Structures are given as structure tokens and as C-alpha cells.
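Undergrad: Handing over target_26.pdb, PDB, C-alpha atoms and all ligand atoms.
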ATOM      1  CA  MET U   1      -9.054 -44.895  40.806  1.00  0.00           C
ATOM      2  CA  ILE U   2     -11.689 -44.016  38.203  1.00  0.00           C
ATOM      3  CA  ASN U   3     -11.872 -40.505  39.604  1.00  0.00           C
ATOM      4  CA  LEU U   4      -8.133 -40.132  39.185  1.00  0.00           C
ATOM      5  CA  LEU U   5      -8.334 -41.234  35.530  1.00  0.00           C
ATOM      6  CA  ILE U   6     -11.236 -38.882  34.874  1.00  0.00           C
ATOM      7  CA  GLY U   7      -9.250 -36.080  36.508  1.00  0.00           C
ATOM      8  CA  ILE U   8      -6.190 -36.782  34.336  1.00  0.00           C
ATOM      9  CA  VAL U   9      -8.246 -36.949  31.138  1.00  0.00           C
ATOM     10  CA  ALA U  10     -10.191 -33.815  32.060  1.00  0.00           C
ATOM     11  CA  SER U  11      -7.026 -31.841  32.827  1.00  0.00           C
ATOM     12  CA  ALA U  12      -5.372 -33.067  29.621  1.00  0.00           C
ATOM     13  CA  PHE U  13      -8.427 -32.010  27.657  1.00  0.00           C
ATOM     14  CA  ALA U  14      -8.510 -28.605  29.389  1.00  0.00           C
ATOM     15  CA  SER U  15      -4.812 -28.118  28.643  1.00  0.00           C
ATOM     16  CA  TRP U  16      -5.314 -29.032  24.984  1.00  0.00           C
ATOM     17  CA  PHE U  17      -8.369 -26.769  24.748  1.00  0.00           C
ATOM     18  CA  PHE U  18      -6.611 -23.725  26.203  1.00  0.00           C
ATOM     19  CA  SER U  19      -3.449 -24.216  24.186  1.00  0.00           C
ATOM     20  CA  ARG U  20      -5.525 -24.509  20.999  1.00  0.00           C
ATOM     21  CA  TRP U  21      -7.552 -21.434  21.973  1.00  0.00           C
ATOM     22  CA  TYR U  22      -4.328 -19.486  22.651  1.00  0.00           C
ATOM     23  CA  TYR U  23      -2.871 -20.633  19.313  1.00  0.00           C
ATOM     24  CA  ARG U  24      -5.956 -19.423  17.441  1.00  0.00           C
ATOM     25  CA  GLN U  25      -5.874 -16.106  19.273  1.00  0.00           C
ATOM     26  CA  SER U  26      -2.221 -15.567  18.400  1.00  0.00           C
ATOM     27  CA  SER U  27      -2.758 -16.508  14.748  1.00  0.00           C
ATOM     28  CA  VAL U  28      -5.333 -13.724  14.266  1.00  0.00           C
ATOM     29  CA  GLU U  29      -3.018 -11.058  15.649  1.00  0.00           C
ATOM     30  CA  THR U  30      -1.829  -8.277  13.379  1.00  0.00           C
ATOM     31  CA  PRO U  31       0.491  -9.677  10.685  1.00  0.00           C
ATOM     32  CA  GLU U  32       4.102  -8.487  10.646  1.00  0.00           C
ATOM     33  CA  TRP U  33       3.727  -6.420   7.465  1.00  0.00           C
ATOM     34  CA  ALA U  34       0.873  -4.414   9.007  1.00  0.00           C
ATOM     35  CA  ASN U  35       3.325  -2.819  11.455  1.00  0.00           C
ATOM     36  CA  LYS U  36       5.299  -1.347   8.553  1.00  0.00           C
ATOM     37  CA  VAL U  37       2.512   0.341   6.583  1.00  0.00           C
ATOM     38  CA  PRO U  38       0.283   3.289   7.505  1.00  0.00           C
ATOM     39  CA  ALA U  39      -3.070   2.405   9.055  1.00  0.00           C
ATOM     40  CA  TRP U  40      -5.031   3.784   6.104  1.00  0.00           C
ATOM     41  CA  ALA U  41      -3.284   1.325   3.749  1.00  0.00           C
ATOM     42  CA  ILE U  42      -4.021  -1.860   5.711  1.00  0.00           C
ATOM     43  CA  PRO U  43      -7.615  -2.350   4.475  1.00  0.00           C
ATOM     44  CA  LEU U  44      -6.447  -1.613   0.941  1.00  0.00           C
ATOM     45  CA  ILE U  45      -3.640  -4.185   1.101  1.00  0.00           C
ATOM     46  CA  GLN U  46      -6.021  -6.739   2.578  1.00  0.00           C
ATOM     47  CA  LYS U  47      -8.220  -6.289  -0.509  1.00  0.00           C
ATOM     48  CA  LEU U  48      -5.374  -7.343  -2.808  1.00  0.00           C
ATOM     49  CA  PRO U  49      -5.925 -10.847  -4.164  1.00  0.00           C
ATOM     50  CA  ASP U  50      -3.186 -13.469  -4.379  1.00  0.00           C
ATOM     51  CA  ALA U  51      -3.584 -13.598  -8.176  1.00  0.00           C
ATOM     52  CA  PRO U  52      -2.408 -10.831 -10.544  1.00  0.00           C
ATOM     53  CA  VAL U  53      -4.529  -7.688 -10.364  1.00  0.00           C
ATOM     54  CA  SER U  54      -6.263  -6.141 -13.363  1.00  0.00           C
ATOM     55  CA  ILE U  55      -5.621  -2.537 -14.372  1.00  0.00           C
ATOM     56  CA  GLU U  56      -9.222  -1.684 -13.497  1.00  0.00           C
ATOM     57  CA  ARG U  57      -8.739  -3.134  -9.999  1.00  0.00           C
ATOM     58  CA  LEU U  58      -5.498  -1.189  -9.529  1.00  0.00           C
ATOM     59  CA  ILE U  59      -7.272   2.023 -10.534  1.00  0.00           C
ATOM     60  CA  ASP U  60     -10.076   1.251  -8.070  1.00  0.00           C
ATOM     61  CA  LEU U  61      -7.528   0.677  -5.295  1.00  0.00           C
ATOM     62  CA  TYR U  62      -5.726   3.915  -6.236  1.00  0.00           C
ATOM     63  CA  HIS U  63      -9.007   5.813  -5.972  1.00  0.00           C
ATOM     64  CA  ASP U  64      -9.830   4.077  -2.687  1.00  0.00           C
ATOM     65  CA  ALA U  65      -6.465   5.221  -1.323  1.00  0.00           C
ATOM     66  CA  ILE U  66      -7.168   8.816  -2.394  1.00  0.00           C
ATOM     67  CA  GLN U  67     -10.608   8.746  -0.808  1.00  0.00           C
ATOM     68  CA  ALA U  68      -9.174   7.222   2.386  1.00  0.00           C
ATOM     69  CA  GLY U  69      -6.917  10.281   2.612  1.00  0.00           C
ATOM     70  CA  GLY U  70      -3.740   8.260   2.511  1.00  0.00           C
ATOM     71  CA  ILE U  71      -2.307   9.701  -0.647  1.00  0.00           C
ATOM     72  CA  GLN U  72      -2.588  12.970  -2.472  1.00  0.00           C
ATOM     73  CA  PRO U  73      -1.546  12.661  -6.089  1.00  0.00           C
ATOM     74  CA  HIS U  74       0.567  15.422  -7.551  1.00  0.00           C
ATOM     75  CA  PRO U  75      -0.899  17.262 -10.589  1.00  0.00           C
ATOM     76  CA  SER U  76       1.497  15.107 -12.634  1.00  0.00           C
ATOM     77  CA  GLY U  77      -0.452  12.038 -11.475  1.00  0.00           C
ATOM     78  CA  PHE U  78       2.584  10.605  -9.689  1.00  0.00           C
ATOM     79  CA  ILE U  79       2.825  10.053  -5.966  1.00  0.00           C
ATOM     80  CA  LYS U  80       6.580   9.519  -5.992  1.00  0.00           C
ATOM     81  CA  CYS U  81       9.319   9.549  -8.609  1.00  0.00           C
ATOM     82  CA  PRO U  82       9.246   6.247 -10.500  1.00  0.00           C
ATOM     83  CA  GLU U  83      13.022   6.415 -10.994  1.00  0.00           C
ATOM     84  CA  CYS U  84      14.470   7.446  -7.626  1.00  0.00           C
ATOM     85  CA  GLY U  85      11.459   7.284  -5.288  1.00  0.00           C
ATOM     86  CA  ALA U  86      11.620  10.967  -4.267  1.00  0.00           C
ATOM     87  CA  GLY U  87       8.378  12.406  -2.878  1.00  0.00           C
ATOM     88  CA  ALA U  88       6.136  14.730  -4.853  1.00  0.00           C
ATOM     89  CA  ASP U  89       7.601  17.701  -2.962  1.00  0.00           C
ATOM     90  CA  LYS U  90      10.686  17.221  -5.159  1.00  0.00           C
ATOM     91  CA  PHE U  91       8.714  17.608  -8.406  1.00  0.00           C
ATOM     92  CA  VAL U  92       9.156  20.814 -10.366  1.00  0.00           C
ATOM     93  CA  ALA U  93       7.298  22.189 -13.350  1.00  0.00           C
ATOM     94  CA  TRP U  94       9.216  22.946 -16.554  1.00  0.00           C
ATOM     95  CA  GLN U  95       8.317  24.579 -19.846  1.00  0.00           C
ATOM     96  CA  VAL U  96      10.102  25.357 -23.058  1.00  0.00           C
ATOM     97  CA  ALA U  97       8.696  27.680 -25.725  1.00  0.00           C
ATOM     98  CA  ALA U  98       9.265  26.776 -29.359  1.00  0.00           C
ATOM     99  CA  PRO U  99       7.967  29.844 -31.253  1.00  0.00           C
ATOM    100  CA  GLU U 100       9.189  28.470 -34.575  1.00  0.00           C
ATOM    101  CA  LEU U 101       6.792  25.574 -34.062  1.00  0.00           C
ATOM    102  CA  GLY U 102       4.119  27.702 -32.412  1.00  0.00           C
ATOM    103  CA  SER U 103       4.286  25.342 -29.470  1.00  0.00           C
ATOM    104  CA  LEU U 104       4.857  25.448 -25.756  1.00  0.00           C
ATOM    105  CA  PHE U 105       6.240  22.253 -24.243  1.00  0.00           C
ATOM    106  CA  HIS U 106       5.657  21.800 -20.527  1.00  0.00           C
ATOM    107  CA  GLY U 107       5.500  19.158 -17.852  1.00  0.00           C
ATOM    108  CA  TYR U 108       6.934  18.021 -14.533  1.00  0.00           C
ATOM    109  CA  LYS U 109      10.277  16.521 -13.655  1.00  0.00           C
ATOM    110  CA  CYS U 110      11.970  15.194 -10.542  1.00  0.00           C
ATOM    111  CA  SER U 111      14.522  17.634  -9.161  1.00  0.00           C
ATOM    112  CA  GLU U 112      16.400  14.786  -7.463  1.00  0.00           C
ATOM    113  CA  CYS U 113      17.234  12.641 -10.493  1.00  0.00           C
ATOM    114  CA  ASN U 114      16.087  14.946 -13.321  1.00  0.00           C
ATOM    115  CA  CYS U 115      13.646  12.275 -14.538  1.00  0.00           C
ATOM    116  CA  GLU U 116      10.946  13.684 -16.810  1.00  0.00           C
ATOM    117  CA  LEU U 117       7.582  12.745 -15.336  1.00  0.00           C
ATOM    118  CA  THR U 118       5.234  14.329 -17.853  1.00  0.00           C
ATOM    119  CA  ALA U 119       5.555  16.247 -21.100  1.00  0.00           C
ATOM    120  CA  ASP U 120       2.788  17.971 -23.001  1.00  0.00           C
ATOM    121  CA  GLU U 121       2.609  20.330 -25.941  1.00  0.00           C
ATOM    122  CA  ASP U 122       0.238  23.257 -26.358  1.00  0.00           C
TER     123      ASP U 122
HETATM  124 ZN    ZN J   1      13.608  11.114  -9.186  1.00  0.00          ZN
END
Show me the file's structure as C-alpha cells.

TA:
Amino acid sequence: MINLLIGIVASAFASWFFSRWYYRQSSVETPEWANKVPAWAIPLIQKLPDAPVSIERLIDLYHDAIQAGGIQPHPSGFIKCPECGAGADKFVAWQVAAPELGSLFHGYKCSECNCELTADED
């Protein structure tokens, strides 16, 4: 009779142990969001804190992403159009001469939505 009780307790404990072990294994699996982002971005996203991020930290993460090879910033500094989200392949350079002012205005704009990305004067 004692052996039967010990057997029941031991099997209950083994069942609990394996179910807990399986639960822990499943909880460390890749999170859902990680399936939707490129592999190079996962370590960068995991570095993001839960609290608001400082500008300096954002710049560090931006540089980390460049060094990881995940992004290649356009000469304008943008990766995508801030207005319509078009890729940098849609960016075009523009320039307008203003001889009366002795100036040359130039910059980049998005060819998809015509948003002006940068503007400089020489
Ligand atoms: Zn755009």
C-alpha cells in the first residue's frame, strides 16, 4: 500500500516537473514580434528599454543598426520618407538657382508624395 502511494506521489511529481519544464521551454521561445522583423534588428530591439529613450540612446541605436548592416542611410539622412514611408530609392535631388540672391538652393525630396526632405543654401 505504501509503495502504491509512493508511486502515485512520484508520478504526480514527475508530471508536474515535466509540465513546468515544458512551460519554461515554451516561454523562452522566439517572441511573436521577432518573426516580423529582420534578423539584424532583433538584438537592437531587445536593447530598447521599457522607459522612454533619450536622443543619445536613439542615435547610438541608429549607429548600431548601420554598423550591423541592416540599414543604409540615404545622403539626406533619411531611411524612408517620413510622410508616406516610401523607400530611399524614391528620393530625388533638387536644386534651384537664385542668381539675384547669389544662392543655390538644393536638397532631396520624395518623388512619391513630393515631401521636401532636406533643403540647403549655398
Ligand atoms: Zn513620401

Undergrad: For the provided coordinates, the residues matched by the PyMOL selection byres (((not hetatm)) within 8 of (chain J and resi 1)) should be stated as a list of chain:residue names.

TA: U:Lys80, U:Cys81, U:Pro82, U:Glu83, U:Cys84, U:Gly85, U:Ala86, U:Lys90, U:Lys109, U:Cys110, U:Ser111, U:Glu112, U:Cys113, U:Asn114, U:Cys115

Undergrad: Quick one, how far is CA of Gly87 in chain U from CA of Ile71 in chain U?

TA: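 Straight-line distance from CA of Gly87 in chain U to CA of Ile71 in chain U works out to 11.2 Å.
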
Undergrad: Measuring atom to atom with only C-alpha atoms, identify which of U:Leu44, U:Gln72, U:Glu100, U:Gln95 is nearest to Glu121 in chain U.

TA: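 Using only C-alpha atoms, Glu121 in chain U sits closest to U:Gln95.
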
Undergrad: Give me the residues near Leu101 in chain U as an MDAnalysis selection string, where near means some atom within 12 Å (using all atoms listed in the file) and where sequence neighbours in that chain fewer than 4 positions away do not count.

TA: chainID U and resid 96:97 105 121:122

Undergrad: For range 79-97 of chain U, take all atoms listed in the file, fit an axis-aligned box around them, add 6 Å to each of the six sides, then output centre and edge lengths in Å rounded to one decimal, as JSON.

TA:
{"center_x": 8.6, "center_y": 17.0, "center_z": -14.3, "size_x": 23.6, "size_y": 33.4, "size_z": 34.8}

Undergrad: What is the distance, in Å and to one decimal place, between CA of Phe78 in chain U and CA of Val92 in chain U?

TA: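 CA of Val92 in chain U lies 12.2 Å from CA of Phe78 in chain U.
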
Undergrad: For Gln46 in chain U, list every protein, DNA or RNA residue within 12 Å, evaluated using all atoms listed in the file, and leave out those in the same chain fewer than 5 positions away; present the list as a list in words.

TA: Thr30, Pro31, Trp33, Ala34, Val37, Ala39, Trp40, Ala41 and Leu61 of chain U

Undergrad: So the first atom is CA of Leu117 in chain U and the second is CA of Ala88 in chain U; what is the distance between them in Å, to one decimal place?

TA: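 One can read the CA of Leu117 in chain U to CA of Ala88 in chain U distance as 10.8 Å.
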
Undergrad: With the file shown as input, list the residues that the PyMOL selection byres (((chain U and resi 62) around 12) and not hetatm) selects, as a ChimeraX atom specification.

TA: /U:41,44-45,47-48,55-61,63-73,77-79

Undergrad: So that I can see what lies close to Tyr108 in chain U, please list as a list in words the residues with an atom at most 8 Å from it, counting only C-alpha atoms and leaving out residues fewer than 2 positions away in the same chain.

TA: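 The residues satisfying every condition are Ser76, Phe91, Val92, Ala93, Trp94, His106, Cys110, Glu116, Leu117, Thr118 and Ala119 of chain U.
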
Undergrad: Kindly add N, CA and C atoms to the incomplete range 39-72 of chain U and provide the output as a CSV table (one decimal), in the coordinates of the input.

TA:
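Written file, result17.csv:
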chain,number,residue,atom,x,y,z
U,39,ALA,N,-1.8,3.0,8.7
U,39,ALA,CA,-3.1,2.4,9.1
U,39,ALA,C,-4.1,2.5,7.9
U,40,TRP,N,-4.0,3.6,7.2
U,40,TRP,CA,-5.0,3.8,6.1
U,40,TRP,C,-4.8,2.8,5.0
U,41,ALA,N,-3.6,2.2,4.9
U,41,ALA,CA,-3.3,1.3,3.7
U,41,ALA,C,-3.6,-0.1,4.1
U,42,ILE,N,-3.8,-0.5,5.3
U,42,ILE,CA,-4.0,-1.9,5.7
U,42,ILE,C,-5.3,-2.4,5.1
U,43,PRO,N,-6.4,-1.8,5.1
U,43,PRO,CA,-7.6,-2.4,4.5
U,43,PRO,C,-7.5,-2.5,3.0
U,44,LEU,N,-6.7,-1.6,2.4
U,44,LEU,CA,-6.4,-1.6,0.9
U,44,LEU,C,-5.6,-2.8,0.6
U,45,ILE,N,-4.5,-3.1,1.4
U,45,ILE,CA,-3.6,-4.2,1.1
U,45,ILE,C,-4.4,-5.5,1.3
U,46,GLN,N,-5.3,-5.5,2.3
U,46,GLN,CA,-6.0,-6.7,2.6
U,46,GLN,C,-7.0,-7.1,1.4
U,47,LYS,N,-7.3,-6.1,0.6
U,47,LYS,CA,-8.2,-6.3,-0.5
U,47,LYS,C,-7.5,-6.9,-1.7
U,48,LEU,N,-6.1,-6.8,-1.7
U,48,LEU,CA,-5.4,-7.3,-2.8
U,48,LEU,C,-5.5,-8.9,-2.9
U,49,PRO,N,-5.8,-9.4,-4.0
U,49,PRO,CA,-5.9,-10.8,-4.2
U,49,PRO,C,-4.5,-11.5,-4.3
U,50,ASP,N,-4.5,-12.8,-4.2
U,50,ASP,CA,-3.2,-13.5,-4.4
U,50,ASP,C,-2.8,-13.6,-5.9
U,51,ALA,N,-3.8,-13.5,-6.7
U,51,ALA,CA,-3.6,-13.6,-8.2
U,51,ALA,C,-3.2,-12.2,-8.7
U,52,PRO,N,-2.7,-12.1,-9.9
U,52,PRO,CA,-2.4,-10.8,-10.5
U,52,PRO,C,-3.7,-10.0,-10.6
U,53,VAL,N,-3.4,-8.7,-10.5
U,53,VAL,CA,-4.5,-7.7,-10.4
U,53,VAL,C,-4.7,-7.0,-11.7
U,54,SER,N,-6.0,-6.8,-12.1
U,54,SER,CA,-6.3,-6.1,-13.4
U,54,SER,C,-6.0,-4.6,-13.2
U,55,ILE,N,-5.8,-4.0,-14.4
U,55,ILE,CA,-5.6,-2.5,-14.4
U,55,ILE,C,-6.8,-1.8,-13.7
U,56,GLU,N,-8.0,-2.3,-14.1
U,56,GLU,CA,-9.2,-1.7,-13.5
U,56,GLU,C,-9.2,-1.8,-12.0
U,57,ARG,N,-8.8,-2.9,-11.5
U,57,ARG,CA,-8.7,-3.1,-10.0
U,57,ARG,C,-7.7,-2.2,-9.4
U,58,LEU,N,-6.5,-2.1,-10.0
U,58,LEU,CA,-5.5,-1.2,-9.5
U,58,LEU,C,-6.0,0.2,-9.5
U,59,ILE,N,-6.7,0.7,-10.5
U,59,ILE,CA,-7.3,2.0,-10.5
U,59,ILE,C,-8.3,2.2,-9.4
U,60,ASP,N,-9.1,1.2,-9.2
U,60,ASP,CA,-10.1,1.3,-8.1
U,60,ASP,C,-9.3,1.4,-6.7
U,61,LEU,N,-8.3,0.6,-6.6
U,61,LEU,CA,-7.5,0.7,-5.3
U,61,LEU,C,-6.8,2.0,-5.1
U,62,TYR,N,-6.3,2.6,-6.3
U,62,TYR,CA,-5.7,3.9,-6.2
U,62,TYR,C,-6.8,5.0,-5.8
U,63,HIS,N,-8.0,4.9,-6.3
U,63,HIS,CA,-9.0,5.8,-6.0
U,63,HIS,C,-9.4,5.6,-4.5
U,64,ASP,N,-9.5,4.4,-4.1
U,64,ASP,CA,-9.8,4.1,-2.7
U,64,ASP,C,-8.8,4.7,-1.8
U,65,ALA,N,-7.5,4.6,-2.1
U,65,ALA,CA,-6.5,5.2,-1.3
U,65,ALA,C,-6.6,6.7,-1.3
U,66,ILE,N,-7.0,7.4,-2.4
U,66,ILE,CA,-7.2,8.8,-2.4
U,66,ILE,C,-8.3,9.2,-1.5
U,67,GLN,N,-9.4,8.4,-1.6
U,67,GLN,CA,-10.6,8.7,-0.8
U,67,GLN,C,-10.4,8.5,0.7
U,68,ALA,N,-9.5,7.5,1.0
U,68,ALA,CA,-9.2,7.2,2.4
U,68,ALA,C,-8.3,8.3,3.0
U,69,GLY,N,-7.8,9.2,2.1
U,69,GLY,CA,-6.9,10.3,2.6
U,69,GLY,C,-5.5,9.9,2.8
U,70,GLY,N,-5.1,8.7,2.3
U,70,GLY,CA,-3.7,8.3,2.5
U,70,GLY,C,-2.7,8.8,1.5
U,71,ILE,N,-3.2,9.1,0.3
U,71,ILE,CA,-2.3,9.7,-0.6
U,71,ILE,C,-3.0,10.9,-1.3
U,72,GLN,N,-2.1,11.8,-1.7
U,72,GLN,CA,-2.6,13.0,-2.5
U,72,GLN,C,-1.8,13.0,-3.7
